[in-house]
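Peer 1: Quick one, data.cif (mmCIF, C-alpha atoms):
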data_work
loop_
_atom_site.label_atom_id
_atom_site.label_comp_id
_atom_site.auth_asym_id
_atom_site.auth_seq_id
_atom_site.Cartn_x
_atom_site.Cartn_y
_atom_site.Cartn_z
CA MET A 1 100.01 -21.39 16.34
CA ARG A 2 99.09 -18.51 14.07
CA LYS A 3 101.65 -19.63 11.46
CA THR A 4 100.28 -23.19 11.63
CA GLY A 5 96.75 -21.92 10.94
CA ILE A 6 97.94 -19.91 7.94
CA VAL A 7 99.78 -22.93 6.53
CA CYS A 8 96.72 -25.17 6.96
CA LYS A 9 94.47 -22.64 5.20
CA ALA A 10 97.00 -22.34 2.37
CA ILE A 11 97.11 -26.11 1.93
CA ILE A 12 93.29 -26.33 1.85
CA PHE A 13 93.10 -23.45 -0.65
CA LEU A 14 95.70 -25.05 -2.95
CA SER A 15 93.93 -28.42 -2.75
CA VAL A 16 90.66 -26.84 -3.88
CA VAL A 17 92.48 -25.06 -6.73
CA PHE A 18 94.08 -28.33 -7.90
CA LEU A 19 90.71 -30.10 -7.82
CA LEU A 20 89.13 -27.40 -9.95
CA ALA A 21 92.04 -27.58 -12.38
CA GLY A 22 91.09 -31.18 -13.16
CA CYS A 23 88.03 -29.96 -15.08
CA TRP A 24 89.92 -27.78 -17.54
CA ASP A 25 89.61 -30.27 -20.43
CA ARG A 26 86.05 -31.45 -19.79
CA GLU A 27 83.58 -31.51 -22.68
CA GLU A 28 79.84 -31.18 -22.48
CA LEU A 29 77.64 -33.91 -23.96
CA GLU A 30 76.05 -31.40 -26.32
CA ASP A 31 79.47 -30.43 -27.71
CA ARG A 32 80.02 -33.82 -29.36
CA SER A 33 78.32 -35.72 -32.18
CA TYR A 34 78.61 -39.49 -31.85
CA VAL A 35 78.92 -41.82 -34.85
CA ILE A 36 76.74 -44.84 -34.05
CA GLY A 37 76.93 -46.48 -37.47
CA LEU A 38 79.64 -46.23 -40.12
CA GLY A 39 78.97 -47.20 -43.73
CA LEU A 40 81.61 -48.21 -46.28
CA ASP A 41 81.04 -48.23 -50.04
CA LYS A 42 83.23 -48.38 -53.11
CA SER A 43 83.91 -44.89 -54.45
CA GLU A 44 83.75 -43.88 -58.10
CA HIS A 45 87.01 -42.00 -57.58
CA LYS A 46 90.25 -43.97 -57.71
CA GLY A 47 91.98 -44.45 -54.37
CA LYS A 48 88.97 -43.20 -52.40
CA ILE A 49 86.22 -44.82 -50.35
CA LYS A 50 82.68 -43.60 -49.77
CA VAL A 51 81.94 -43.18 -46.07
CA THR A 52 78.49 -42.75 -44.53
CA MET A 53 78.11 -41.61 -40.93
CA LEU A 54 75.00 -42.23 -38.86
CA LEU A 55 75.23 -39.55 -36.17
CA ALA A 56 73.13 -39.76 -33.01
CA ASN A 57 71.90 -36.79 -31.04
CA PRO A 58 72.69 -37.71 -27.41
CA GLU A 59 70.16 -35.23 -26.02
CA VAL A 60 67.10 -36.74 -27.74
CA GLY A 61 65.39 -39.19 -25.40
CA SER A 62 67.73 -38.40 -22.50
CA MET A 63 66.85 -36.72 -19.19
CA GLN A 64 69.07 -33.77 -20.11
CA GLY A 65 67.35 -33.18 -23.45
CA GLY A 66 63.86 -33.81 -22.10
CA GLY A 67 61.03 -35.61 -23.85
CA GLY A 68 59.84 -32.62 -25.88
CA SER A 69 63.05 -31.84 -27.76
CA SER A 70 62.47 -30.55 -31.31
CA GLU A 71 65.91 -31.72 -32.50
CA LYS A 72 66.28 -34.70 -34.83
CA PRO A 73 67.39 -37.97 -33.21
CA ARG A 74 69.87 -38.67 -36.00
CA GLU A 75 71.74 -37.19 -38.91
CA ILE A 76 73.26 -38.98 -41.94
CA ILE A 77 76.08 -37.70 -44.14
CA THR A 78 77.93 -39.39 -47.03
CA PHE A 79 81.17 -38.25 -48.68
CA ASP A 80 84.35 -39.57 -50.36
CA VAL A 81 87.55 -39.78 -48.32
CA ASN A 82 90.96 -41.45 -48.28
CA ASP A 83 90.37 -43.35 -45.01
CA ILE A 84 87.91 -43.56 -42.13
CA VAL A 85 90.29 -41.98 -39.60
CA ALA A 86 90.76 -38.67 -41.42
CA ALA A 87 87.06 -38.74 -42.35
CA LYS A 88 86.24 -37.22 -38.94
CA GLY A 89 88.05 -34.04 -39.93
CA THR A 90 86.15 -33.80 -43.21
CA ALA A 91 82.85 -34.40 -41.42
CA ASN A 92 83.52 -31.44 -39.12
CA SER A 93 83.35 -29.13 -42.12
CA ILE A 94 79.67 -30.13 -42.33
CA ILE A 95 78.71 -31.00 -38.74
CA SER A 96 79.02 -28.28 -36.09
CA ARG A 97 79.85 -30.60 -33.20
CA THR A 98 83.06 -32.58 -32.66
CA ILE A 99 82.84 -35.97 -34.39
CA SER A 100 83.56 -39.00 -32.19
CA TYR A 101 83.80 -42.77 -32.85
CA GLU A 102 83.68 -43.45 -29.11
CA PHE A 103 80.20 -45.03 -29.26
CA LEU A 104 80.51 -46.62 -32.69
CA ARG A 105 78.24 -49.66 -32.54
CA ILE A 106 78.25 -51.14 -36.04
CA ILE A 107 80.10 -50.86 -39.36
CA ILE A 108 77.99 -51.61 -42.43
CA VAL A 109 79.84 -52.49 -45.63
CA SER A 110 78.03 -52.98 -48.92
CA GLU A 111 78.14 -56.46 -50.43
CA LYS A 112 79.80 -55.02 -53.52
CA TYR A 113 82.67 -53.47 -51.55
CA ALA A 114 82.99 -56.47 -49.18
CA LYS A 115 83.91 -58.55 -52.26
CA ASP A 116 86.55 -56.02 -53.33
CA LYS A 117 90.20 -57.00 -52.77
CA ASN A 118 90.87 -53.55 -51.26
CA PHE A 119 88.33 -53.98 -48.45
CA PRO A 120 90.79 -55.54 -45.94
CA ILE A 121 93.09 -52.52 -46.37
CA THR A 122 90.22 -50.18 -45.51
CA ILE A 123 88.98 -52.11 -42.49
CA PHE A 124 92.52 -52.32 -41.07
CA ASP A 125 92.29 -48.56 -40.44
CA THR A 126 89.91 -49.29 -37.55
CA GLN A 127 92.90 -50.54 -35.57
CA LYS A 128 94.60 -47.15 -35.91
CA ASP A 129 91.85 -45.07 -34.29
CA LYS A 130 91.87 -45.31 -30.48
CA GLU A 131 88.17 -44.47 -30.27
CA ILE A 132 87.08 -47.53 -32.28
CA ARG A 133 86.68 -50.57 -30.06
CA MET A 134 87.29 -54.10 -31.31
CA ASN A 135 83.85 -55.20 -30.04
CA THR A 136 82.25 -53.07 -32.76
CA TYR A 137 80.15 -55.26 -35.07
CA LEU A 138 80.78 -55.74 -38.78
CA ALA A 139 77.77 -56.32 -41.04
CA VAL A 140 77.26 -56.65 -44.79
CA SER A 141 74.30 -54.97 -46.51
CA LYS A 142 72.75 -56.10 -49.77
CA GLU A 143 72.55 -52.50 -51.01
CA ASN A 144 74.99 -49.61 -50.68
CA ALA A 145 75.62 -48.67 -47.06
CA SER A 146 74.67 -45.06 -47.84
CA ASP A 147 71.21 -46.21 -49.01
CA TYR A 148 70.89 -48.65 -46.12
CA PHE A 149 71.14 -46.01 -43.39
CA VAL A 150 68.68 -43.70 -45.16
CA LYS A 151 66.09 -46.47 -45.66
CA ASN A 152 66.52 -47.80 -42.12
CA LYS A 153 63.77 -46.03 -40.17
CA PRO A 154 62.82 -48.00 -37.03
CA MET A 155 59.19 -47.58 -35.97
CA MET A 156 59.56 -48.51 -32.29
CA GLU A 157 63.02 -47.18 -31.42
CA THR A 158 63.98 -43.70 -32.63
CA ARG A 159 67.38 -43.73 -30.93
CA PRO A 160 69.77 -45.44 -33.41
CA HIS A 161 72.20 -46.79 -30.81
CA LYS A 162 69.40 -48.61 -28.99
CA TYR A 163 67.94 -49.99 -32.22
CA PHE A 164 71.20 -51.62 -33.35
CA GLN A 165 71.94 -52.82 -29.83
CA TYR A 166 68.60 -54.66 -29.59
CA MET A 167 68.67 -56.06 -33.13
CA VAL A 168 72.23 -57.39 -32.87
CA ASP A 169 72.00 -58.76 -29.32
CA HIS A 170 68.74 -60.61 -29.92
CA GLY A 171 69.90 -61.89 -33.30
CA ILE A 172 73.05 -63.40 -31.78
CA GLU A 173 71.13 -64.93 -28.87
CA ASN A 174 68.76 -66.84 -31.16
CA GLY A 175 71.55 -67.76 -33.58
CA MET A 176 70.11 -66.08 -36.69
CA ILE A 177 73.21 -63.91 -37.15
CA PRO A 178 76.86 -64.46 -36.16
CA ASP A 179 78.77 -62.66 -33.41
CA SER A 180 80.77 -60.72 -36.00
CA THR A 181 82.99 -58.30 -34.11
CA LEU A 182 86.07 -56.62 -35.54
CA PHE A 183 88.13 -58.65 -33.05
CA ARG A 184 86.90 -61.91 -34.59
CA TYR A 185 87.57 -60.59 -38.09
CA PHE A 186 91.21 -59.77 -37.38
CA LYS A 187 91.83 -62.96 -35.37
CA THR A 188 90.41 -65.10 -38.21
CA LEU A 189 92.49 -63.21 -40.74
CA ASP A 190 95.58 -63.68 -38.57
CA ARG A 191 95.04 -67.45 -38.21
CA GLY A 192 94.43 -67.91 -41.92
CA THR A 193 92.96 -71.41 -41.39
CA ASP A 194 89.22 -70.76 -41.13
CA LEU A 195 86.48 -68.49 -42.49
CA TYR A 196 84.87 -65.43 -40.91
CA LEU A 197 81.11 -64.82 -40.79
CA ALA A 198 79.64 -61.30 -40.77
CA MET A 199 75.96 -60.64 -40.12
CA TYR A 200 73.90 -60.02 -43.27
CA THR A 201 71.31 -57.25 -43.39
CA THR A 202 69.23 -55.20 -45.81
CA ALA A 203 66.56 -52.48 -45.78
CA ILE A 204 65.10 -53.63 -49.11
CA LYS A 205 62.62 -56.51 -49.22
CA SER A 206 63.00 -58.92 -52.14
CA LYS A 207 60.27 -58.66 -54.78
CA LYS A 208 60.01 -62.43 -55.17
CA THR A 209 59.72 -64.18 -51.82
CA LYS A 210 58.87 -67.78 -50.95
CA VAL A 211 57.46 -69.09 -47.69
CA LYS A 212 60.14 -71.22 -46.02
CA SER A 213 60.88 -72.65 -42.61
CA GLU A 214 61.36 -70.08 -39.84
CA ASP A 215 65.15 -69.89 -40.19
CA GLU A 216 65.82 -70.78 -43.84
CA TYR A 217 65.68 -67.15 -44.97
CA ILE A 218 68.40 -64.65 -45.70
CA ALA A 219 67.95 -60.91 -45.10
CA GLY A 220 65.33 -59.45 -47.45
CA GLU A 221 63.46 -62.74 -48.02
CA VAL A 222 61.09 -62.59 -45.03
CA ASP A 223 57.72 -61.57 -46.47
CA ALA A 224 56.41 -59.51 -43.55
CA THR A 225 53.61 -56.99 -44.02
CA GLY A 226 52.08 -54.27 -41.88
CA GLU A 227 53.21 -50.99 -40.38
CA LEU A 228 56.88 -51.81 -39.86
CA ASP A 229 60.47 -51.03 -40.76
CA GLU A 230 61.59 -53.29 -43.61
CA THR A 231 65.17 -53.70 -42.31
CA GLN A 232 66.04 -57.36 -41.73
CA PHE A 233 68.95 -59.07 -39.93
CA ILE A 234 69.22 -62.76 -40.81
CA GLY A 235 71.93 -64.97 -42.28
CA SER A 236 75.61 -64.28 -42.76
CA ALA A 237 78.25 -63.27 -45.28
CA VAL A 238 81.25 -65.62 -45.58
CA PHE A 239 84.73 -64.08 -45.71
CA LYS A 240 87.85 -65.87 -46.90
CA ASN A 241 91.20 -64.11 -46.42
CA GLY A 242 89.31 -60.96 -45.42
CA VAL A 243 87.12 -60.77 -48.55
CA MET A 244 83.46 -61.83 -48.90
CA THR A 245 82.87 -64.91 -51.07
CA LYS A 246 79.49 -66.53 -50.22
CA LYS A 247 76.34 -66.22 -48.09
CA LEU A 248 74.66 -68.51 -45.54
CA THR A 249 70.98 -68.66 -44.58
CA GLY A 250 69.72 -68.12 -41.04
CA GLN A 251 69.49 -71.90 -40.56
CA GLU A 252 73.07 -72.49 -41.70
CA THR A 253 74.24 -69.62 -39.49
CA ARG A 254 72.46 -71.20 -36.51
CA ILE A 255 74.26 -74.49 -37.13
CA VAL A 256 77.62 -72.69 -37.17
CA ASN A 257 76.75 -70.83 -33.95
CA ILE A 258 75.92 -74.13 -32.21
CA LEU A 259 79.21 -75.65 -33.44
CA ASP A 260 81.20 -72.59 -32.34
CA ASP A 261 81.80 -72.73 -28.58
CA THR A 262 82.97 -69.09 -28.54
CA THR A 263 79.53 -67.79 -29.56
CA ASP A 264 77.15 -66.74 -26.77
CA ILE A 265 74.12 -68.49 -28.24
CA LYS A 266 71.19 -69.07 -25.89
CA ASP A 267 67.85 -70.81 -26.24
CA ILE A 268 66.65 -71.11 -29.83
CA LEU A 269 63.27 -72.17 -31.17
CA ILE A 270 63.13 -74.41 -34.25
CA ASP A 271 60.68 -76.63 -36.10
CA ILE A 272 61.51 -80.28 -36.79
CA PRO A 273 59.53 -82.89 -38.76
CA ASP A 274 57.02 -84.71 -36.55
CA PRO A 275 57.92 -88.45 -36.65
CA PHE A 276 54.33 -89.42 -35.82
CA SER A 277 52.72 -87.50 -38.69
CA ASN A 278 52.47 -88.59 -42.33
CA LYS A 279 51.17 -85.20 -43.46
CA GLY A 280 54.43 -83.29 -43.27
CA ARG A 281 53.60 -81.62 -39.95
CA GLN A 282 56.32 -80.14 -37.75
CA LEU A 283 56.68 -79.74 -34.03
CA ALA A 284 58.32 -76.79 -32.27
CA ALA A 285 61.24 -77.37 -29.91
CA ARG A 286 63.50 -75.21 -27.76
CA ILE A 287 67.19 -76.08 -28.13
CA MET A 288 69.63 -75.25 -25.35
CA LYS A 289 73.39 -75.59 -25.41
CA ARG A 290 74.92 -75.57 -21.94
CA GLU A 291 78.19 -77.46 -22.57
CA ASN A 292 81.04 -77.21 -25.06
CA ASN A 293 81.33 -79.63 -27.96
CA LYS A 294 83.77 -82.54 -27.85
CA VAL A 295 86.07 -82.89 -30.84
CA LYS A 296 88.30 -85.89 -31.61
CA MET A 297 90.57 -86.20 -34.61
CA LYS A 298 92.09 -89.37 -36.04
CA ASN A 299 94.40 -90.36 -38.88
CA LEU A 300 95.70 -86.78 -39.19
CA LYS A 301 98.83 -87.98 -40.97
CA GLY A 302 96.90 -90.21 -43.32
CA ALA A 303 95.33 -89.49 -46.70
CA LYS A 304 91.86 -88.92 -45.19
CA PRO A 305 91.73 -87.38 -41.69
CA GLU A 306 88.74 -88.22 -39.51
CA ILE A 307 87.00 -85.58 -37.38
CA ILE A 308 84.37 -86.66 -34.82
CA ILE A 309 82.26 -83.88 -33.28
CA THR A 310 79.90 -84.58 -30.36
CA ILE A 311 77.30 -81.84 -29.77
CA PRO A 312 75.55 -81.93 -26.35
CA LEU A 313 72.05 -80.39 -26.57
CA LYS A 314 69.11 -80.16 -24.21
CA VAL A 315 65.67 -80.07 -25.80
CA GLU A 316 62.22 -78.96 -24.68
CA ILE A 317 59.24 -80.06 -26.81
CA MET A 318 56.90 -77.08 -27.25
CA THR A 319 54.11 -78.44 -29.50
CA ASN A 320 52.55 -81.81 -30.28
CA PRO A 321 50.68 -81.62 -33.63
CA SER A 322 50.17 -85.38 -33.88
CA MET A 323 48.67 -85.50 -30.35
CA VAL A 324 50.61 -88.62 -29.29
CA SER A 325 51.37 -89.37 -25.67
CA TYR A 326 55.02 -89.05 -24.65
CA THR A 327 54.40 -91.00 -21.46
CA SER A 328 55.16 -94.07 -23.57
CA GLU A 329 58.86 -94.98 -23.56
CA LYS A 330 58.54 -96.25 -27.13
CA ASN A 331 57.25 -92.86 -28.35
CA ARG A 332 60.04 -91.08 -26.47
CA GLN A 333 62.68 -93.19 -28.18
CA ILE A 334 61.12 -92.54 -31.61
CA LEU A 335 61.15 -88.80 -30.92
CA LYS A 336 64.76 -88.86 -29.70
CA LYS A 337 65.90 -90.77 -32.81
CA GLN A 338 64.15 -88.16 -34.96
CA LEU A 339 65.96 -85.32 -33.18
CA ILE A 340 69.33 -87.04 -33.53
CA SER A 341 68.73 -87.73 -37.23
CA PHE A 342 67.56 -84.14 -37.82
CA PHE A 343 70.57 -82.45 -36.20
CA LYS A 344 73.05 -84.94 -37.64
CA GLY A 345 71.69 -84.38 -41.16
CA MET A 346 71.77 -80.57 -40.89
CA ASN A 347 75.32 -80.46 -39.52
CA GLU A 348 76.76 -82.92 -42.03
CA GLU A 349 75.05 -81.02 -44.87
CA LEU A 350 76.75 -77.82 -43.67
CA PHE A 351 80.17 -79.50 -43.55
CA LYS A 352 79.60 -80.89 -47.03
CA LYS A 353 78.89 -77.36 -48.26
CA SER A 354 81.96 -76.08 -46.39
CA GLN A 355 84.19 -78.61 -48.15
CA THR A 356 82.74 -78.24 -51.66
CA LYS A 357 81.51 -74.63 -51.98
CA LEU A 358 82.95 -72.53 -49.16
CA LYS A 359 86.36 -74.24 -49.37
CA GLY A 360 86.90 -73.77 -45.66
CA VAL A 361 85.30 -74.17 -42.23
CA PRO A 362 83.23 -71.17 -41.01
CA TYR A 363 84.33 -71.31 -37.36
CA PRO A 364 87.61 -71.93 -35.43
CA LEU A 365 87.62 -75.74 -35.77
CA PRO A 366 91.38 -75.76 -36.61
CA LEU A 367 92.10 -74.76 -33.00
CA TYR A 368 91.03 -78.28 -31.94
CA ALA A 369 93.61 -79.78 -34.30
CA ARG A 370 96.62 -77.87 -32.96
CA PRO A 371 97.05 -79.95 -29.74
CA TYR A 372 97.58 -83.06 -31.93
CA PHE A 373 100.86 -81.56 -33.20
CA LEU A 374 103.97 -80.99 -31.10
CA THR A 375 105.18 -77.91 -32.98
CA ASN A 376 103.78 -75.17 -35.22
CA LYS A 377 105.94 -76.52 -38.02
CA GLU A 378 104.16 -79.87 -37.88
CA PHE A 379 100.78 -78.14 -37.96
CA GLU A 380 101.82 -76.01 -40.94
CA LYS A 381 103.06 -79.12 -42.71
CA PHE A 382 99.68 -80.75 -42.07
CA ASP A 383 98.17 -77.87 -44.12
CA TRP A 384 94.73 -77.55 -42.56
CA GLY A 385 93.26 -75.75 -45.61
CA LYS A 386 93.81 -78.78 -47.88
CA SER A 387 93.41 -81.48 -45.22
CA PHE A 388 89.96 -80.23 -44.16
CA LEU A 389 88.64 -80.48 -47.73
CA ARG A 390 89.31 -84.23 -47.86
CA ALA A 391 88.49 -85.01 -44.21
CA ASP A 392 85.73 -87.40 -43.19
CA ILE A 393 83.55 -85.47 -40.71
CA ILE A 394 81.21 -87.36 -38.38
CA VAL A 395 78.68 -85.45 -36.24
CA GLN A 396 77.20 -87.15 -33.16
CA PRO A 397 74.37 -85.15 -31.51
CA ASP A 398 74.06 -85.98 -27.80
CA ILE A 399 70.37 -85.23 -27.21
CA GLU A 400 68.71 -84.99 -23.81
CA ILE A 401 64.98 -84.26 -23.82
CA ILE A 402 64.32 -82.48 -20.52
CA ASP A 403 60.66 -81.58 -21.11
CA TYR A 404 58.04 -83.26 -23.31
CA GLY A 405 55.50 -80.50 -22.86
CA LYS A 406 51.92 -80.84 -21.70
CA GLN A 407 50.75 -84.41 -22.15
CA THR A 408 47.46 -85.29 -23.82
CA LYS A 409 44.97 -87.68 -22.27
CA LYS A 410 44.62 -89.70 -25.48
CA THR A 411 47.29 -92.26 -26.24
CA ASN A 412 46.33 -92.84 -29.87
CA LYS A 413 47.44 -90.69 -32.81
CA VAL A 414 45.03 -87.94 -33.77
CA GLY A 415 44.83 -86.40 -37.25
CA GLY A 416 47.56 -88.57 -38.87
#
So, in terms of C-alpha cells, how does the structure I just supplied come out?
Peer 2:
Amino acid sequence: MRKTGIVCKAIIFLSVVFLLAGCWDREELEDRSYVIGLGLDKSEHKGKIKVTMLLANPEVGSMQGGGGSSEKPREIITFDVNDIVAAKGTANSIISRTISYEFLRIIIVSEKYAKDKNFPITIFDTQKDKEIRMNTYLAVSKENASDYFVKNKPMMETRPHKYFQYMVDHGIENGMIPDSTLFRYFKTLDRGTDLYLAMYTTAIKSKKTKVKSEDEYIAGEVDATGELDETQFIGSAVFKNGVMTKKLTGQETRIVNILDDTTDIKDILIDIPDPFSNKGRQLAARIMKRENNKVKMKNLKGAKPEIIITIPLKVEIMTNPSMVSYTSEKNRQILKKQLISFFKGMNEELFKKSQTKLKGVPYPLPLYARPYFLTNKEFEKFDWGKSFLRADIIVQPDIEIIDYGKQTKKTNKVGG
C-alpha cells in the first residue's frame, strides 16, 4: 500500500511538471509588435521595394494597458527592402519588440506601384509567410502608401485595427468598395479569364470636386467639411493579369457587387429618378439582394454569344418627393417600370464599359460559362477573353417592391 501511494504521488508530480513545461515558449502580449497595415511603394533603388509598416500597440485601449496609458497607439516606419518577408528582420533593428504579421488587416499599395509589372512578383511573397492570412484585404491608394498611413489620422477610433475593420466591413456591406481579399486576387490571377477589383482609398481630398449622386464618387472626390479625418474609401481599382489598369466609381463598384454572388453585400441605399416628377427629383430606395442571379448563355459556338442575366432584387421605397399615392395600382406599375429601366440601364452601361474600356469582366462571370462545355479543352478553345468582348449581354432585373413607404392622404401630384 505504501509503494502504491508513492507511485501515485510520483505520477501526480510528473503530471504537474509536464503541464508547466507547456508554457516554456509562451510570449507576453507586450513582447510583440503587430503590423496592422502594410504599405508597398516603388523604390528608387533597383531591385528593391519601399515597405511601410503601421504597427499597433496592443496595450493601448485594452484592459491590460488601462485607459490612462501614456504610450502611443501606433507607430509607422518606412524603409527599403528586398521583400516583405525579410522586412520583419530589418524592422527589428528599429523596433524593440518582435514584429508579427499575425494580425495584418490590410495591405495598401500605391497606384503608381500597382500599375508596375513587378507588383505581382512582390505580392506573391504574401503566400510564403505563414503569418499572413489570405483574408487580408488589398487596397490601392492614390498617393504613396508611406504618405497614406501618416496622413490617416482617425478622429473617432484611435486603435488602427478597429478603424480599418469598421471602414472595410461597412464599405463592403453597402457595396461602395469590393471584397478585395488576397485570396480573391490569387484566384482571379489563376483563372486568367476575369478582372480583379481592389478597394480604392486616399487620405488626400481632391482640390476640384463636383457634387454628384451619392455613389458616383471615387475616393478623394467627396467634398466633406468639418472636424474629420479626410481618408476616404469609395470605388475600386481594376486589375488585369495582376496589374492595375483602370478605376471604377462607387456606383460602378456597387453594380459589380450586385452582379457578383460571392460578395456579401447587404442592404444598400440609392437614389433613382422619380417617374412622377418633371423637375429632376429623385426618390430614395433600399435595395436588398436575397437570392443569387440566374445566368443563361446561348449561341456560345456562334459568332456572337448571348448572355442573359436575371437579377432578383427586393426594393423598399424610402421617400416620396412627388407626393403621389402608391395605393393606386397604376402608380405602382409606373414606379416598377422605372426601377426596372434604371437598373437595366446601369448594368448594361457597365457591361458596355467592360467590353470597350476594361477589356474584361470585373467579376467571375466565366464560371457560369464552364458548365456549357464538356471539357476544359473546349472551354479554352471558346476563348472567353475574346468571346466576351463580342457577346450580346442582356440584363433582366426582377424587381419586387415589398414596401412603398408611408402613404400620403392626397392622391394628386404635389409640386410637379
Peer 1: What does the PyMOL selection byres ((chain A and resi 124) around 12) select in this file, as a PyMOL selection string?
Peer 2: chain A and resi 83-85+118-123+125-129+132+134+182-183+185-186+189+242
Peer 1: Quick one: everything within 8 Å of Asp179 (chain A), counting all atoms listed in the file, minus sequence neighbours fewer than 4 positions away in the same chain. Send it as a list in words.
Peer 2: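 Selected residues are Tyr137, Ile172, Ala198, Met199, Thr263 and Asp264 of chain A.
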Peer 1: Could you please determine the separation between CA of Ile77 (chain A) and CA of Tyr34 (chain A) in Å, to one decimal place?
Peer 2: 12.7 Å
Peer 1: Can you pull out the residues contacting region 294-310 of chain A? Cut-off 6 Å, using all atoms listed in the file, and skip same-chain residues under 4 positions away; I want them as a list in words.
Peer 2: Arg390, Ala391, Asp392, Ile393, Ile394, Val395, Gln396 and Pro397 of chain A
Peer 1: Could you tell me which residues the PyMOL selection byres ((chain A and resi 105) around 9) returns for this structure, as a short mmCIF file (atom, residue, chain, number, x, y, z; two decimals) with C-alpha atoms, in the coordinates of the input?
Peer 2:
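As written to disk, result24.cif reads:
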data_model
loop_
_atom_site.label_atom_id
_atom_site.label_comp_id
_atom_site.auth_asym_id
_atom_site.auth_seq_id
_atom_site.Cartn_x
_atom_site.Cartn_y
_atom_site.Cartn_z
CA VAL A 35 78.92 -41.82 -34.85
CA ILE A 36 76.74 -44.84 -34.05
CA GLY A 37 76.93 -46.48 -37.47
CA LEU A 38 79.64 -46.23 -40.12
CA TYR A 101 83.80 -42.77 -32.85
CA GLU A 102 83.68 -43.45 -29.11
CA PHE A 103 80.20 -45.03 -29.26
CA LEU A 104 80.51 -46.62 -32.69
CA ILE A 106 78.25 -51.14 -36.04
CA ILE A 107 80.10 -50.86 -39.36
CA ARG A 133 86.68 -50.57 -30.06
CA ASN A 135 83.85 -55.20 -30.04
CA THR A 136 82.25 -53.07 -32.76
CA TYR A 137 80.15 -55.26 -35.07
CA HIS A 161 72.20 -46.79 -30.81
CA PHE A 164 71.20 -51.62 -33.35
CA GLN A 165 71.94 -52.82 -29.83
#
Peer 1: Which one is closest to Glu143 (chain A): A:Val256, A:Met156, A:Leu367, A:Leu40? Count all atoms listed in the file.
Peer 2: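 Ranking A:Val256, A:Met156, A:Leu367, A:Leu40 by distance to Glu143 (chain A), first place goes to A:Leu40.
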